[in-house]
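Source file: upload15.pdb (PDB, C-alpha atoms)
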```pdb
ATOM      1  CA  MET T  15      -8.641 -13.581  -6.502
ATOM      2  CA  LEU T  16     -11.368 -16.224  -6.706
ATOM      3  CA  ASN T  17     -10.484 -19.706  -5.456
ATOM      4  CA  PHE T  18     -12.049 -22.766  -7.062
ATOM      5  CA  LYS T  19     -11.888 -25.929  -4.945
ATOM      6  CA  LYS T  20     -14.932 -27.878  -6.128
ATOM      7  CA  ASN T  21     -15.634 -29.488  -9.497
ATOM      8  CA  LEU T  22     -19.338 -30.048 -10.193
ATOM      9  CA  GLY T  23     -18.514 -32.247 -13.167
ATOM     10  CA  CYS T  24     -21.038 -31.711 -15.938
ATOM     11  CA  ALA T  25     -18.529 -32.712 -18.606
ATOM     12  CA  GLY T  26     -20.127 -32.235 -21.979
ATOM     13  CA  CYS T  27     -22.828 -29.880 -20.711
ATOM     14  CA  ARG T  28     -22.083 -26.633 -22.490
ATOM     15  CA  ASP T  29     -23.377 -23.597 -20.635
ATOM     16  CA  HIS T  30     -22.953 -20.441 -22.701
ATOM     17  CA  SER T  31     -23.899 -18.232 -19.745
ATOM     18  CA  LEU T  32     -20.821 -19.197 -17.691
ATOM     19  CA  VAL T  33     -17.438 -17.478 -17.831
ATOM     20  CA  LYS T  34     -14.904 -19.794 -19.482
ATOM     21  CA  ILE T  35     -11.404 -21.010 -18.714
ATOM     22  CA  VAL T  36      -9.718 -22.291 -21.882
ATOM     23  CA  MET T  37      -7.192 -25.078 -21.164
ATOM     24  CA  ASN T  38      -5.135 -27.513 -23.206
ATOM     25  CA  SER T  39      -4.820 -31.196 -22.268
ATOM     26  CA  GLY T  40      -1.749 -30.665 -20.087
ATOM     27  CA  THR T  41      -3.244 -27.759 -18.164
ATOM     28  CA  ARG T  42      -6.482 -29.660 -17.490
ATOM     29  CA  ASN T  43      -4.401 -32.368 -15.783
ATOM     30  CA  ARG T  44      -2.872 -29.992 -13.213
ATOM     31  CA  ILE T  45      -4.934 -30.002 -10.038
ATOM     32  CA  GLU T  46      -3.376 -26.855  -8.532
ATOM     33  CA  GLN T  47      -2.731 -23.779 -10.655
ATOM     34  CA  GLU T  48      -3.420 -20.149 -11.373
ATOM     35  CA  ALA T  49      -5.594 -19.596 -14.453
ATOM     36  CA  GLU T  50      -7.055 -16.763 -16.472
ATOM     37  CA  LEU T  51     -10.765 -16.437 -17.177
ATOM     38  CA  SER T  52     -12.130 -15.461 -20.581
ATOM     39  CA  ASP T  53     -12.788 -11.978 -19.140
ATOM     40  CA  GLY T  54      -9.068 -11.629 -18.270
ATOM     41  CA  SER T  55      -9.301 -11.948 -14.483
ATOM     42  CA  LYS T  56      -7.036 -14.338 -12.591
ATOM     43  CA  VAL T  57      -8.275 -17.225 -10.436
ATOM     44  CA  PHE T  58      -6.709 -20.001  -8.396
ATOM     45  CA  ILE T  59      -7.736 -23.638  -8.854
ATOM     46  CA  LYS T  60      -7.049 -26.361  -6.293
ATOM     47  CA  LEU T  61      -8.888 -29.625  -6.965
ATOM     48  CA  SER T  62      -8.505 -33.271  -5.994
ATOM     49  CA  GLU T  63      -8.646 -34.618  -9.584
ATOM     50  CA  PRO T  64      -7.816 -33.390 -13.105
ATOM     51  CA  MET T  65     -10.472 -31.469 -15.021
ATOM     52  CA  LYS T  66     -12.342 -32.714 -18.087
ATOM     53  CA  PRO T  67     -13.684 -30.642 -20.979
ATOM     54  CA  TYR T  68     -16.797 -28.665 -20.010
ATOM     55  CA  ASP T  69     -16.513 -29.406 -16.269
ATOM     56  CA  VAL T  70     -18.016 -26.662 -14.140
ATOM     57  CA  LEU T  71     -15.999 -25.354 -11.184
ATOM     58  CA  ILE T  72     -17.521 -23.474  -8.255
ATOM     59  CA  SER T  73     -15.690 -21.023  -5.999
ATOM     60  CA  ASP T  74     -16.028 -20.644  -2.237
ATOM     61  CA  ASP T  75     -18.455 -17.749  -2.762
ATOM     62  CA  GLY T  76     -20.591 -19.445  -5.441
ATOM     63  CA  HIS T  77     -19.074 -18.145  -8.697
ATOM     64  CA  MET T  78     -19.102 -20.774 -11.451
ATOM     65  CA  VAL T  79     -16.826 -21.184 -14.478
ATOM     66  CA  GLN T  80     -16.659 -23.763 -17.235
ATOM     67  CA  ILE T  81     -13.545 -25.516 -18.541
ATOM     68  CA  VAL T  82     -13.299 -25.344 -22.347
ATOM     69  CA  PRO T  83     -10.772 -27.454 -24.279
ATOM     70  CA  GLU T  84      -8.175 -25.420 -26.169
ATOM     71  CA  ALA T  85      -7.190 -26.464 -29.667
ATOM     72  CA  GLU T  86      -3.622 -27.753 -29.860
ATOM     73  CA  GLU T  87      -1.459 -29.528 -32.409
ATOM     74  CA  VAL T  88      -2.089 -33.267 -32.422
ATOM     75  CA  VAL T  89      -1.002 -36.123 -34.639
ATOM     76  CA  CYS T  90      -3.931 -38.132 -35.977
ATOM     77  CA  VAL T  91      -3.570 -41.616 -37.422
ATOM     78  CA  ARG T  92      -6.216 -43.146 -39.683
ATOM     79  CA  LEU T  93      -6.678 -46.899 -39.687
ATOM     80  CA  SER T  94      -8.173 -49.228 -42.246
ATOM     81  CA  ASP T  95      -8.964 -52.274 -40.124
ATOM     82  CA  ARG T  96      -9.661 -53.258 -36.514
ATOM     83  CA  VAL T  97      -6.716 -55.641 -36.170
ATOM     84  CA  THR T  98      -4.242 -52.871 -37.022
ATOM     85  CA  MET T  99      -6.160 -50.580 -34.634
ATOM     86  CA  ALA T 100      -5.757 -53.119 -31.820
ATOM     87  CA  LYS T 101      -2.056 -53.653 -32.586
ATOM     88  CA  ILE T 102      -1.155 -49.957 -32.683
ATOM     89  CA  CYS T 103      -3.194 -49.156 -29.551
ATOM     90  CA  TYR T 104      -1.414 -52.007 -27.779
ATOM     91  CA  TYR T 105       1.933 -50.620 -29.009
ATOM     92  CA  PHE T 106       1.088 -47.182 -27.564
ATOM     93  CA  GLY T 107      -0.441 -48.637 -24.398
ATOM     94  CA  THR T 108       2.700 -50.551 -23.473
ATOM     95  CA  ARG T 109       4.573 -47.225 -23.606
ATOM     96  CA  SER T 110       2.013 -45.333 -21.475
ATOM     97  CA  ILE T 111       1.564 -42.701 -24.209
ATOM     98  CA  PRO T 112      -1.587 -40.602 -23.806
ATOM     99  CA  ILE T 113      -3.824 -41.231 -26.816
ATOM    100  CA  GLU T 114      -7.322 -40.281 -27.824
ATOM    101  CA  ILE T 115      -9.098 -43.229 -29.423
ATOM    102  CA  LEU T 116     -11.734 -42.432 -32.040
ATOM    103  CA  PRO T 117     -13.623 -44.653 -34.507
ATOM    104  CA  MET T 118     -10.926 -46.143 -36.779
ATOM    105  CA  SER T 119      -8.387 -43.481 -35.798
ATOM    106  CA  PHE T 120      -6.474 -42.178 -32.816
ATOM    107  CA  CYS T 121      -4.532 -39.037 -31.905
ATOM    108  CA  PHE T 122      -1.543 -38.168 -29.747
ATOM    109  CA  LEU T 123       0.672 -35.168 -29.059
ATOM    110  CA  PRO T 124       3.475 -34.627 -31.618
ATOM    111  CA  ASP T 125       6.410 -37.031 -31.297
ATOM    112  CA  LYS T 126       8.608 -37.809 -34.317
ATOM    113  CA  ALA T 127       9.566 -41.307 -33.113
ATOM    114  CA  LEU T 128       5.923 -42.293 -32.588
ATOM    115  CA  GLU T 129       4.950 -40.847 -35.966
ATOM    116  CA  LYS T 130       7.708 -42.924 -37.572
ATOM    117  CA  ALA T 131       6.443 -46.047 -35.786
ATOM    118  CA  CYS T 132       2.925 -45.400 -37.131
ATOM    119  CA  ARG T 133       4.247 -44.984 -40.654
ATOM    120  CA  SER T 134       6.150 -48.281 -40.281
ATOM    121  CA  PHE T 135       2.740 -49.927 -39.734
ATOM    122  CA  GLY T 136       1.711 -48.385 -43.082
ATOM    123  CA  LEU T 137      -0.690 -45.918 -41.460
ATOM    124  CA  LEU T 138      -1.760 -42.504 -42.736
ATOM    125  CA  VAL T 139      -0.429 -39.813 -40.348
ATOM    126  CA  SER T 140      -1.560 -36.168 -40.331
ATOM    127  CA  HIS T 141      -1.207 -33.124 -38.092
ATOM    128  CA  GLU T 142      -4.373 -31.350 -36.932
ATOM    129  CA  PHE T 143      -5.103 -28.392 -34.692
ATOM    130  CA  ARG T 144      -7.991 -29.246 -32.328
ATOM    131  CA  PRO T 145      -8.794 -30.146 -28.710
ATOM    132  CA  PHE T 146      -6.955 -33.233 -27.447
ATOM    133  CA  VAL T 147      -8.872 -35.391 -24.961
ATOM    134  CA  PRO T 148      -6.807 -38.510 -24.222
ATOM    135  CA  GLU T 149      -8.191 -41.652 -22.629
ATOM    136  CA  ALA T 150      -8.295 -41.467 -18.842
ATOM    137  CA  GLY T 151      -6.178 -44.599 -18.361
ATOM    138  CA  ALA T 152      -6.526 -47.837 -16.465
ATOM    139  CA  TYR T 153      -6.580 -46.363 -12.967
ATOM    140  CA  ALA T 154      -8.927 -43.428 -13.585
ATOM    141  CA  HIS T 155     -12.555 -43.235 -12.569
ATOM    142  CA  HIS T 156     -14.477 -44.392 -15.609
ATOM    143  CA  GLY T 157     -17.511 -42.523 -16.831
ATOM    144  CA  PRO T 158     -18.769 -41.393 -20.220
ATOM    145  CA  ARG T 159     -16.202 -40.830 -22.964
ATOM    146  CA  TYR T 160     -15.687 -37.095 -23.035
ATOM    147  CA  THR T 161     -15.017 -37.028 -26.758
ATOM    148  CA  ASP T 162     -18.518 -38.487 -27.220
ATOM    149  CA  VAL T 163     -20.236 -35.624 -25.427
ATOM    150  CA  TYR T 164     -18.993 -32.630 -27.387
ATOM    151  CA  SER T 165     -18.796 -32.080 -31.093
ATOM    152  CA  ARG T 166     -15.631 -31.358 -33.029
ATOM    153  CA  THR T 167     -15.268 -28.683 -35.652
TER     154      THR T 167
END
```

Step by step, read the file and then write its structure as C-alpha coordinates.
Amino acid sequence: MLNFKKNLGCAGCRDHSLVKIVMNSGTRNRIEQEAELSDGSKVFIKLSEPMKPYDVLISDDGHMVQIVPEAEEVVCVRLSDRVTMAKICYYFGTRSIPIEILPMSFCFLPDKALEKACRSFGLLVSHEFRPFVPEAGAYAHHGPRYTDVYSRT
(Lines of atoms letter the chains of each structure in order from A and count residues from 1; the text may use other names and numbers.)
(Lines give C-alpha, C1' and ligand atoms only; values in the text may rest on other atoms or scores of the structure.)
Protein backbone atom coordinates (compact mmCIF):
# COMPACT_ATOMS: atom_id res chain seq x y z
CA MET A 1 0.00 0.00 0.00
CA LEU A 2 1.37 3.41 -0.98
CA ASN A 3 1.81 5.95 1.81
CA PHE A 4 1.36 9.65 1.12
CA LYS A 5 2.93 11.96 3.71
CA LYS A 6 3.71 15.09 1.68
CA ASN A 7 1.35 17.58 0.06
CA LEU A 8 2.92 19.57 -2.79
CA GLY A 9 -0.01 21.96 -2.83
CA CYS A 10 -0.79 23.02 -6.38
CA ALA A 11 -4.44 23.66 -5.54
CA GLY A 12 -6.24 24.59 -8.71
CA CYS A 13 -3.60 23.12 -11.01
CA ARG A 14 -5.42 20.33 -12.80
CA ASP A 15 -3.11 17.61 -14.05
CA HIS A 16 -4.98 15.09 -16.18
CA SER A 17 -1.98 12.74 -16.24
CA LEU A 18 -2.12 12.03 -12.48
CA VAL A 19 -4.17 9.31 -10.81
CA LYS A 20 -7.03 10.89 -8.85
CA ILE A 21 -8.46 10.56 -5.36
CA VAL A 22 -12.04 11.87 -5.27
CA MET A 23 -12.97 13.32 -1.86
CA ASN A 24 -15.87 15.27 -0.40
CA SER A 25 -15.36 18.27 1.89
CA GLY A 26 -15.36 16.19 5.08
CA THR A 27 -12.88 13.64 3.77
CA ARG A 28 -10.48 16.36 2.57
CA ASN A 29 -10.35 17.67 6.15
CA ARG A 30 -9.11 14.37 7.63
CA ILE A 31 -5.33 14.37 7.82
CA GLU A 32 -4.95 10.61 8.42
CA GLN A 33 -7.00 8.10 6.45
CA GLU A 34 -7.12 5.23 4.02
CA ALA A 35 -8.35 6.22 0.55
CA GLU A 36 -9.09 4.65 -2.80
CA LEU A 37 -7.50 5.84 -6.02
CA SER A 38 -9.46 6.24 -9.25
CA ASP A 39 -7.84 2.98 -10.45
CA GLY A 40 -9.29 1.14 -7.41
CA SER A 41 -6.08 0.63 -5.43
CA LYS A 42 -5.90 1.54 -1.75
CA VAL A 43 -3.48 4.09 -0.28
CA PHE A 44 -2.78 5.56 3.14
CA ILE A 45 -2.62 9.33 3.69
CA LYS A 46 -0.98 10.95 6.71
CA LEU A 47 -0.52 14.71 6.40
CA SER A 48 -0.02 17.65 8.75
CA GLU A 49 -2.88 19.76 7.30
CA PRO A 50 -6.21 19.18 5.51
CA MET A 51 -6.19 18.83 1.73
CA LYS A 52 -7.61 21.34 -0.74
CA PRO A 53 -9.15 20.62 -4.14
CA TYR A 54 -6.51 19.71 -6.75
CA ASP A 55 -3.65 19.41 -4.23
CA VAL A 56 -1.00 16.96 -5.36
CA LEU A 57 0.26 14.37 -2.87
CA ILE A 58 3.56 12.52 -3.22
CA SER A 59 4.37 9.12 -1.72
CA ASP A 60 7.64 8.02 -0.13
CA ASP A 61 8.67 6.38 -3.42
CA GLY A 62 7.71 9.31 -5.68
CA HIS A 63 4.20 8.35 -6.86
CA MET A 64 1.93 11.39 -7.23
CA VAL A 65 -1.86 11.66 -7.00
CA GLN A 66 -4.25 14.58 -7.25
CA ILE A 67 -7.15 15.36 -4.92
CA VAL A 68 -10.39 16.01 -6.84
CA PRO A 69 -13.47 17.47 -5.12
CA GLU A 70 -16.48 15.15 -5.10
CA ALA A 71 -19.92 16.57 -5.79
CA GLU A 72 -22.17 16.51 -2.74
CA GLU A 73 -25.53 17.94 -1.76
CA VAL A 74 -25.24 21.55 -0.63
CA VAL A 75 -27.73 24.27 0.20
CA CYS A 76 -27.15 27.44 -1.81
CA VAL A 77 -28.60 30.81 -0.83
CA ARG A 78 -28.93 33.66 -3.32
CA LEU A 79 -28.73 37.22 -2.06
CA SER A 80 -29.98 40.46 -3.53
CA ASP A 81 -27.85 43.00 -1.68
CA ARG A 82 -24.53 43.29 0.15
CA VAL A 83 -26.00 44.32 3.50
CA THR A 84 -28.09 41.14 3.68
CA MET A 85 -24.99 39.18 2.57
CA ALA A 86 -22.98 40.68 5.45
CA LYS A 87 -25.76 40.03 7.98
CA ILE A 88 -26.30 36.38 7.01
CA CYS A 89 -22.55 35.65 6.85
CA TYR A 90 -22.20 37.18 10.30
CA TYR A 91 -25.12 35.03 11.51
CA PHE A 92 -23.39 31.88 10.20
CA GLY A 93 -19.95 33.00 11.38
CA THR A 94 -21.06 33.39 14.99
CA ARG A 95 -22.20 29.75 14.87
CA SER A 96 -18.94 28.45 13.33
CA ILE A 97 -20.86 26.87 10.43
CA PRO A 98 -18.66 25.99 7.44
CA ILE A 99 -19.82 28.06 4.47
CA GLU A 100 -18.59 28.68 0.97
CA ILE A 101 -18.91 32.36 0.07
CA LEU A 102 -19.49 33.19 -3.59
CA PRO A 103 -20.44 36.45 -5.34
CA MET A 104 -23.88 37.37 -3.94
CA SER A 105 -24.51 33.83 -2.69
CA PHE A 106 -23.18 31.27 -0.26
CA CYS A 107 -23.51 27.52 0.31
CA PHE A 108 -23.47 25.17 3.27
CA LEU A 109 -24.15 21.50 3.99
CA PRO A 110 -27.85 20.62 4.44
CA ASP A 111 -29.34 21.67 7.79
CA LYS A 112 -33.09 22.30 8.12
CA ALA A 113 -32.73 24.85 10.95
CA LEU A 114 -30.20 26.91 8.98
CA GLU A 115 -32.36 26.74 5.85
CA LYS A 116 -35.30 28.01 7.90
CA ALA A 117 -33.17 30.87 9.25
CA CYS A 118 -32.21 31.85 5.69
CA ARG A 119 -35.84 31.83 4.60
CA SER A 120 -36.70 34.05 7.60
CA PHE A 121 -34.30 36.62 6.09
CA GLY A 122 -36.40 36.38 2.90
CA LEU A 123 -33.64 34.62 0.96
CA LEU A 124 -33.99 32.21 -1.96
CA VAL A 125 -32.77 28.74 -0.86
CA SER A 126 -32.04 25.84 -3.23
CA HIS A 127 -30.37 22.44 -3.07
CA GLU A 128 -27.55 21.69 -5.52
CA PHE A 129 -25.25 18.75 -6.12
CA ARG A 130 -21.66 19.99 -6.61
CA PRO A 131 -18.27 20.24 -4.89
CA PHE A 132 -18.37 22.09 -1.56
CA VAL A 133 -15.27 24.14 -0.72
CA PRO A 134 -15.93 26.05 2.51
CA GLU A 135 -13.88 29.02 3.68
CA ALA A 136 -10.74 28.00 5.54
CA GLY A 137 -11.63 29.97 8.68
CA ALA A 138 -9.95 32.58 10.82
CA TYR A 139 -7.04 30.44 12.01
CA ALA A 140 -6.13 28.77 8.72
CA HIS A 141 -3.19 29.64 6.52
CA HIS A 142 -4.57 32.09 3.99
CA GLY A 143 -3.76 31.76 0.32
CA PRO A 144 -5.77 31.98 -2.88
CA ARG A 145 -9.48 31.20 -2.71
CA TYR A 146 -9.77 27.65 -3.96
CA THR A 147 -13.19 28.23 -5.48
CA ASP A 148 -11.55 30.90 -7.66
CA VAL A 149 -9.05 28.50 -9.19
CA TYR A 150 -11.31 25.81 -10.59
CA SER A 151 -14.43 26.11 -12.66
CA ARG A 152 -17.83 24.78 -11.68
CA THR A 153 -20.13 22.85 -13.95

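For the atom pair formed by atom CA of T:Ser140 and atom CA of T:Val88, the distance is 8.4 Å, given to one decimal.
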
Tell me which protein, DNA and RNA residues are within 7 Å of T:Glu46, counting all atoms listed in the file, leaving out same-chain ones fewer than 2 positions away, and put them as a list in words. Arg44, Ile59, Lys60 and Leu61 of chain T

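With only C-alpha atoms as the basis for measurement, T:Glu63 is the residue among T:Glu63, T:Glu149, T:Asp75, T:Asp29 that approaches T:Asn43 most closely.
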
Could you tell me, as a ChimeraX atom specification, exactly which residues end up selected when the PyMOL selection byres ((chain T and resi 114) around 9) is applied to this structure? /T:112-113,115-116,119-122,146-149,161

Residues near T:Val36, anyone? I mean within 7 Å using all atoms listed in the file, not counting same-chain ones fewer than 5 positions away, as a PDB file with C-alpha atoms, keeping the file's coordinate frame.
```pdb
ATOM      1  CA  ILE T  81     -13.545 -25.516 -18.541  1.00  0.00           C
ATOM      2  CA  VAL T  82     -13.299 -25.344 -22.347  1.00  0.00           C
ATOM      3  CA  PRO T  83     -10.772 -27.454 -24.279  1.00  0.00           C
ATOM      4  CA  GLU T  84      -8.175 -25.420 -26.169  1.00  0.00           C
TER       5      GLU T  84
END
```

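Residues surrounding T:Cys24 within 8 Å are Tyr68, Asp69 and Val70 of chain T [all atoms listed in the file; sequence separation below 6 positions excluded].
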
How would you write as a PyMOL selection string the residues that get within 10 Å of (-16.5, -26.4, -8.2) in the file's frame, counting only C-alpha atoms? chain T and resi 17-23+59-61+69-74+76-80

How would the residues just picked look written out with C-alpha atoms as a JSON list (two decimals), in the frame of the given file?
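Once written, part29.json looks like this:
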```json
[["chain", "number", "residue", "atom", "x", "y", "z"],
["T", 17, "ASN", "CA", -10.48, -19.71, -5.46],
["T", 18, "PHE", "CA", -12.05, -22.77, -7.06],
["T", 19, "LYS", "CA", -11.89, -25.93, -4.94],
["T", 20, "LYS", "CA", -14.93, -27.88, -6.13],
["T", 21, "ASN", "CA", -15.63, -29.49, -9.50],
["T", 22, "LEU", "CA", -19.34, -30.05, -10.19],
["T", 23, "GLY", "CA", -18.51, -32.25, -13.17],
["T", 59, "ILE", "CA", -7.74, -23.64, -8.85],
["T", 60, "LYS", "CA", -7.05, -26.36, -6.29],
["T", 61, "LEU", "CA", -8.89, -29.62, -6.96],
["T", 69, "ASP", "CA", -16.51, -29.41, -16.27],
["T", 70, "VAL", "CA", -18.02, -26.66, -14.14],
["T", 71, "LEU", "CA", -16.00, -25.35, -11.18],
["T", 72, "ILE", "CA", -17.52, -23.47, -8.26],
["T", 73, "SER", "CA", -15.69, -21.02, -6.00],
["T", 74, "ASP", "CA", -16.03, -20.64, -2.24],
["T", 76, "GLY", "CA", -20.59, -19.44, -5.44],
["T", 77, "HIS", "CA", -19.07, -18.14, -8.70],
["T", 78, "MET", "CA", -19.10, -20.77, -11.45],
["T", 79, "VAL", "CA", -16.83, -21.18, -14.48],
["T", 80, "GLN", "CA", -16.66, -23.76, -17.24]]
```

Quick one: distance from atom CA of T:Pro67 to atom CA of T:Ser55 in Å, one decimal?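 It comes out at 20.3 Å.
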
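Between T:Ser52 and the candidates T:Met15, T:Lys130, T:Lys34, T:Phe106, the tightest atom-to-atom separation, counting only C-alpha atoms, involves T:Lys34.
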
Tell me which protein, DNA and RNA residues are within 7 Å of T:Arg144, counting only C-alpha atoms, leaving out same-chain ones fewer than 3 positions away, and put them as a PyMOL selection string. chain T and resi 85-87

Determine the axis-aligned bounding box of all atoms of stretch 144-148 of chain T present in the file, pad each side by 8 Å, and express its centre and edge lengths in Å to one decimal place as AutoDock Vina command-line options.
```
--center_x -7.8 --center_y -33.9 --center_z -28.3 --size_x 18.1 --size_y 25.3 --size_z 24.1
```

Across T:Gly54, T:Phe135, T:Leu16, T:Gly40, the smallest distance to T:Ser94, with all atoms listed in the file counted, is shown by T:Phe135

When the PyMOL selection byres ((chain T and resi 139) around 6) is applied to the file above, which residues end up in the set, as a ChimeraX atom specification? /T:90-91,138,140

Could you check how far atom CA of T:Pro145 sits from atom CA of T:Met37, in Å to one decimal? 9.2 Å

For T:Asp125, the nearest of the candidates T:Tyr104, T:Lys66, T:Leu51, T:Ile111, counting all atoms listed in the file: T:Ile111

Could you tell me which residues the PyMOL selection byres ((chain T and resi 49) around 8) returns for this structure, as a list of chain:residue names?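 Against this file, the PyMOL selection byres ((chain T and resi 49) around 8) returns the residues T:Ile35, T:Gln47, T:Glu48, T:Glu50, T:Leu51, T:Lys56, T:Val57, T:Phe58, T:Ile59.
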
Min atom-atom distance to T:Asn38 from the set T:Gly136, T:Leu123, T:Ser62, T:Ala150, counting all atoms listed in the file, belongs to T:Leu123

Shortest contact to T:Asp95, candidates T:Cys132, T:Ile45, T:Met118, T:Cys27, atoms counted all atoms listed in the file, goes to T:Met118
